[in-house]
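*Asks:* Would you mind keeping the following structure in view while I ask a few things?
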Amino acid sequence: MTQPIKPHPLFARFYARLAGSAMEKAGVAEHRRRLLADLTREVIEVGAGNGLNFPHYPPEVTRLVVAVEPEPNLRALAEERASETSLPLEMREARAERLPFPDASFDAAVVCLTLCSIADPHAALAELHRVLRPAANSGSSNTSKPARPRCGASSAPSTPPSGRD
């Protein structure tokens, strides 16, 4: 059974104010743009943190972005950032190892700078596999661009983490 997340306000403040801006200065924003560039339709983002990915989602993500963040302080910051974007976005308190969604709910999954903080990454990847629609899992879809796994994004969670997270 998964343990509940305990708030870590010091970590949340440090990450949001120092680490996040330092990573952006180091060029992570370009990585975020590339990571999210060809996403469409319904997307789940696990470990949304304080929402630094939100401005980089393309307009083709039109139906819903569900951002999962278990840490309440970071989730509050992400909700503020979500209100500044036109994305149809919903924040959820949940853990990657037990996603509160039915099977085959999403067209794509985003996991960016998160797997190292998940207690059971194999369970999290299995959950992502479960909530992805079969077209996303097989690499074929209704769009002209096939799903392809990349560092930080998951369309085939059976692939072991690359360690580049």
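Chains: A, B, ... in order of the structure tokens. Residues: from 1 per chain. Ligands: from 1, in order shown.
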List the neighbours of range 47-49 of chain A out to 7 Å using only C-alpha atoms; skip same-chain residues closer than 6 positions along the sequence, and give me the result as a list in words.
*Replies:*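 Everything that qualifies: Ala67, Val68, Glu69, Leu74, Arg75, Ala78, Val111 and Thr114 of chain A.
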*Asks:* Taking only C-alpha atoms into account, name the residue in A:Gly51, A:Val110, A:Pro100, A:Leu87 that is nearest to Leu35 in chain A.
*Replies:*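 Using only C-alpha atoms, the shortest distance to Leu35 in chain A belongs to A:Val110.
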*Asks:* Please provide the set of residues having any atom within 12 Å of Ser86 in chain A, restricted to only C-alpha atoms, with same-chain residues fewer than 3 positions apart removed, written as a PyMOL selection string.
*Replies:* chain A and resi 54-65+81-83+89-90
*Asks:* Create the file for the chosen residues now, containing all heavy atoms and written as a compact mmCIF listing (two decimals), in the first residue's frame.
*Replies:*
```txt
# COMPACT_ATOMS: atom_id res chain seq x y z
N PHE A 54 3.75 23.84 -18.06
CA PHE A 54 2.47 24.31 -18.58
C PHE A 54 2.59 25.27 -19.76
O PHE A 54 1.89 25.12 -20.76
CB PHE A 54 1.61 24.92 -17.48
CG PHE A 54 1.23 23.97 -16.37
CD1 PHE A 54 0.71 24.46 -15.20
CD2 PHE A 54 1.41 22.59 -16.49
CE1 PHE A 54 0.36 23.60 -14.15
CE2 PHE A 54 1.07 21.72 -15.46
CZ PHE A 54 0.54 22.23 -14.29
N PRO A 55 3.46 26.29 -19.71
CA PRO A 55 3.54 27.22 -20.85
C PRO A 55 4.05 26.59 -22.14
O PRO A 55 3.91 27.17 -23.21
CB PRO A 55 4.52 28.30 -20.38
CG PRO A 55 4.66 28.13 -18.92
CD PRO A 55 4.32 26.71 -18.61
N HIS A 56 4.62 25.40 -22.07
CA HIS A 56 5.24 24.77 -23.23
C HIS A 56 4.33 23.77 -23.95
O HIS A 56 4.72 23.23 -24.99
CB HIS A 56 6.54 24.10 -22.82
CG HIS A 56 7.50 25.04 -22.18
ND1 HIS A 56 8.16 26.04 -22.88
CD2 HIS A 56 7.87 25.20 -20.89
CE1 HIS A 56 8.92 26.73 -22.06
NE2 HIS A 56 8.76 26.24 -20.85
N TYR A 57 3.14 23.51 -23.42
CA TYR A 57 2.22 22.60 -24.10
C TYR A 57 1.71 23.26 -25.37
O TYR A 57 1.34 24.44 -25.36
CB TYR A 57 1.04 22.22 -23.20
CG TYR A 57 1.36 21.08 -22.26
CD1 TYR A 57 1.75 21.34 -20.95
CD2 TYR A 57 1.25 19.77 -22.67
CE1 TYR A 57 2.05 20.29 -20.08
CE2 TYR A 57 1.54 18.72 -21.82
CZ TYR A 57 1.94 18.99 -20.53
OH TYR A 57 2.23 17.96 -19.68
N PRO A 58 1.65 22.51 -26.48
CA PRO A 58 1.16 23.10 -27.73
C PRO A 58 -0.36 23.24 -27.71
O PRO A 58 -1.05 22.57 -26.94
CB PRO A 58 1.61 22.07 -28.78
CG PRO A 58 1.68 20.78 -28.04
CD PRO A 58 2.10 21.13 -26.64
N PRO A 59 -0.89 24.10 -28.57
CA PRO A 59 -2.35 24.31 -28.61
C PRO A 59 -3.12 23.07 -29.05
O PRO A 59 -4.32 22.99 -28.82
CB PRO A 59 -2.53 25.45 -29.61
CG PRO A 59 -1.24 25.59 -30.33
CD PRO A 59 -0.17 24.97 -29.49
N GLU A 60 -2.44 22.07 -29.64
CA GLU A 60 -3.12 20.84 -30.05
C GLU A 60 -3.58 20.01 -28.85
O GLU A 60 -4.38 19.10 -28.99
CB GLU A 60 -2.21 20.00 -30.95
CG GLU A 60 -1.93 20.61 -32.29
CD GLU A 60 -0.84 21.69 -32.27
OE1 GLU A 60 -0.16 21.85 -31.23
OE2 GLU A 60 -0.69 22.38 -33.27
N VAL A 61 -3.07 20.31 -27.66
CA VAL A 61 -3.57 19.68 -26.43
C VAL A 61 -4.80 20.49 -26.06
O VAL A 61 -4.71 21.51 -25.41
CB VAL A 61 -2.51 19.70 -25.31
CG1 VAL A 61 -3.08 19.11 -24.03
CG2 VAL A 61 -1.27 18.93 -25.74
N THR A 62 -5.95 20.02 -26.56
CA THR A 62 -7.16 20.83 -26.46
C THR A 62 -8.21 20.29 -25.50
O THR A 62 -9.06 21.05 -25.06
CB THR A 62 -7.82 20.98 -27.84
OG1 THR A 62 -8.07 19.67 -28.37
CG2 THR A 62 -6.92 21.76 -28.79
N ARG A 63 -8.19 19.01 -25.22
CA ARG A 63 -9.29 18.46 -24.42
C ARG A 63 -9.04 18.57 -22.93
O ARG A 63 -9.92 19.00 -22.20
CB ARG A 63 -9.56 17.02 -24.83
CG ARG A 63 -10.21 16.98 -26.20
CD ARG A 63 -10.41 15.63 -26.76
NE ARG A 63 -11.04 14.71 -25.84
CZ ARG A 63 -11.07 13.41 -26.04
NH1 ARG A 63 -10.53 12.91 -27.12
NH2 ARG A 63 -11.65 12.63 -25.19
N LEU A 64 -7.87 18.16 -22.47
CA LEU A 64 -7.63 18.20 -21.02
C LEU A 64 -6.19 17.82 -20.73
O LEU A 64 -5.67 16.87 -21.30
CB LEU A 64 -8.56 17.21 -20.32
CG LEU A 64 -8.39 17.01 -18.82
CD1 LEU A 64 -8.75 18.27 -18.05
CD2 LEU A 64 -9.25 15.86 -18.35
N VAL A 65 -5.56 18.56 -19.89
CA VAL A 65 -4.28 18.14 -19.34
C VAL A 65 -4.53 17.89 -17.87
O VAL A 65 -5.03 18.76 -17.15
CB VAL A 65 -3.19 19.25 -19.48
CG1 VAL A 65 -1.93 18.86 -18.73
CG2 VAL A 65 -2.87 19.48 -20.94
N ARG A 81 -0.01 28.75 -11.51
CA ARG A 81 0.54 28.84 -12.87
C ARG A 81 -0.52 28.39 -13.88
O ARG A 81 -0.61 28.97 -14.97
CB ARG A 81 1.79 27.99 -12.99
CG ARG A 81 2.38 28.09 -14.38
CD ARG A 81 3.83 27.75 -14.47
NE ARG A 81 4.61 28.89 -13.98
CZ ARG A 81 5.65 28.76 -13.17
NH1 ARG A 81 6.04 27.59 -12.78
NH2 ARG A 81 6.33 29.80 -12.77
N ALA A 82 -1.31 27.39 -13.55
CA ALA A 82 -2.35 26.91 -14.47
C ALA A 82 -3.37 28.01 -14.77
O ALA A 82 -3.86 28.10 -15.90
CB ALA A 82 -3.05 25.69 -13.88
N SER A 83 -3.66 28.84 -13.79
CA SER A 83 -4.63 29.90 -14.00
C SER A 83 -4.10 30.97 -14.96
O SER A 83 -4.87 31.77 -15.48
CB SER A 83 -5.02 30.54 -12.66
OG SER A 83 -3.94 31.29 -12.13
N LEU A 89 -6.83 22.64 -18.09
CA LEU A 89 -5.97 21.92 -17.16
C LEU A 89 -6.69 21.62 -15.86
O LEU A 89 -7.45 22.45 -15.35
CB LEU A 89 -4.75 22.80 -16.87
CG LEU A 89 -3.63 22.08 -16.16
CD1 LEU A 89 -2.39 22.11 -17.03
CD2 LEU A 89 -3.35 22.77 -14.87
N GLU A 90 -6.44 20.45 -15.33
CA GLU A 90 -6.99 20.03 -14.04
C GLU A 90 -5.85 19.50 -13.20
O GLU A 90 -5.07 18.68 -13.65
CB GLU A 90 -8.02 18.92 -14.30
CG GLU A 90 -8.56 18.28 -13.06
CD GLU A 90 -9.41 17.06 -13.39
OE1 GLU A 90 -9.82 16.89 -14.55
OE2 GLU A 90 -9.64 16.27 -12.46
```
*Asks:* Phe101 in chain A: which residues within 12 Å, counting only C-alpha atoms, same-chain residues fewer than 6 positions away excluded, as a list in words?
*Replies:*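 Counting only the stated atoms, we get Ile44, Val66, Val68, Arg92, Ala94, Arg95, Glu127, Leu128, His129, Arg130, Val131, Leu132 and Arg133 of chain A.
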*Asks:* Using DSSP on the backbone, list every residue of range 10-107 of chain A that comes out as strand (DSSP E), and give them as JSON, numbers by chain.
*Replies:* {"A": [42, 43, 44, 45, 46, 64, 65, 66, 67, 68, 89, 90, 91, 92]}
*Asks:* To test your reading of the structure, identify every residue in range 32-153 of chain A that backbone DSSP assigns to alpha helix (DSSP H), and report it as a PDB file with C-alpha atoms, in the first residue's frame.
*Replies:*
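Below you can see part-v3.pdb, which holds the result:
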```pdb
ATOM      1  CA  ARG A  32      10.551  21.226 -22.110  1.00  0.00           C
ATOM      2  CA  ARG A  33       9.545  22.702 -25.494  1.00  0.00           C
ATOM      3  CA  ARG A  34      11.030  19.734 -27.389  1.00  0.00           C
ATOM      4  CA  LEU A  35       9.523  17.222 -24.975  1.00  0.00           C
ATOM      5  CA  LEU A  36       5.981  18.547 -25.367  1.00  0.00           C
ATOM      6  CA  PRO A  72       0.470  20.100  -1.612  1.00  0.00           C
ATOM      7  CA  ASN A  73       2.729  23.169  -1.645  1.00  0.00           C
ATOM      8  CA  LEU A  74       4.006  22.489  -5.160  1.00  0.00           C
ATOM      9  CA  ARG A  75       0.458  21.647  -6.290  1.00  0.00           C
ATOM     10  CA  ALA A  76      -0.757  25.050  -5.041  1.00  0.00           C
ATOM     11  CA  LEU A  77       2.003  26.776  -7.032  1.00  0.00           C
ATOM     12  CA  ALA A  78       1.085  24.716 -10.095  1.00  0.00           C
ATOM     13  CA  GLU A  79      -2.571  25.688  -9.722  1.00  0.00           C
ATOM     14  CA  GLU A  80      -1.532  29.365  -9.711  1.00  0.00           C
ATOM     15  CA  ARG A  81       0.537  28.837 -12.868  1.00  0.00           C
ATOM     16  CA  ALA A  82      -2.350  26.911 -14.467  1.00  0.00           C
ATOM     17  CA  SER A  83      -4.627  29.905 -13.999  1.00  0.00           C
ATOM     18  CA  PRO A 121       9.169   3.867 -10.457  1.00  0.00           C
ATOM     19  CA  HIS A 122       8.273   0.436 -11.893  1.00  0.00           C
ATOM     20  CA  ALA A 123       4.781   0.658 -10.387  1.00  0.00           C
ATOM     21  CA  ALA A 124       4.463   4.216 -11.698  1.00  0.00           C
ATOM     22  CA  LEU A 125       5.422   3.143 -15.215  1.00  0.00           C
ATOM     23  CA  ALA A 126       2.949   0.248 -15.036  1.00  0.00           C
ATOM     24  CA  GLU A 127       0.229   2.718 -14.008  1.00  0.00           C
ATOM     25  CA  LEU A 128       1.087   4.995 -16.919  1.00  0.00           C
ATOM     26  CA  HIS A 129       0.884   2.006 -19.246  1.00  0.00           C
ATOM     27  CA  ARG A 130      -2.534   1.188 -17.799  1.00  0.00           C
ATOM     28  CA  VAL A 131      -3.985   4.694 -18.269  1.00  0.00           C
ATOM     29  CA  PRO A 134      -3.969   1.348 -26.764  1.00  0.00           C
ATOM     30  CA  ALA A 135      -3.054   3.520 -29.775  1.00  0.00           C
ATOM     31  CA  ALA A 136      -0.494   5.306 -27.605  1.00  0.00           C
ATOM     32  CA  ASN A 137       0.853   2.015 -26.262  1.00  0.00           C
ATOM     33  CA  SER A 138       1.249   0.399 -29.696  1.00  0.00           C
TER      34      SER A 138
END
```
*Asks:* In Å to one decimal, how far is CA of Leu99 in chain A from CA of Val28 in chain A?
*Replies:*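 We find that CA of Val28 in chain A and CA of Leu99 in chain A lie 26.7 Å from each other.
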*Asks:* Counting only C-alpha atoms, which of A:Pro102, A:Cys112, A:Asp120, A:Pro70 gets nearest to His31 in chain A?
*Replies:*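 That would be A:Cys112, the residue with the smallest distance to His31 in chain A.
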*Asks:* From the list A:Asn50, A:Thr40, A:Ile118, A:Met91, which residue is nearest Phe106 in chain A when using only C-alpha atoms?
*Replies:*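 The closest residue to Phe106 in chain A is A:Thr40.
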*Asks:* Between CA of Asn53 in chain A and CA of Glu24 in chain A, what is the spacing in Å?
*Replies:*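 Atom-to-atom, CA of Glu24 in chain A to CA of Asn53 in chain A, that is 10.9 Å.
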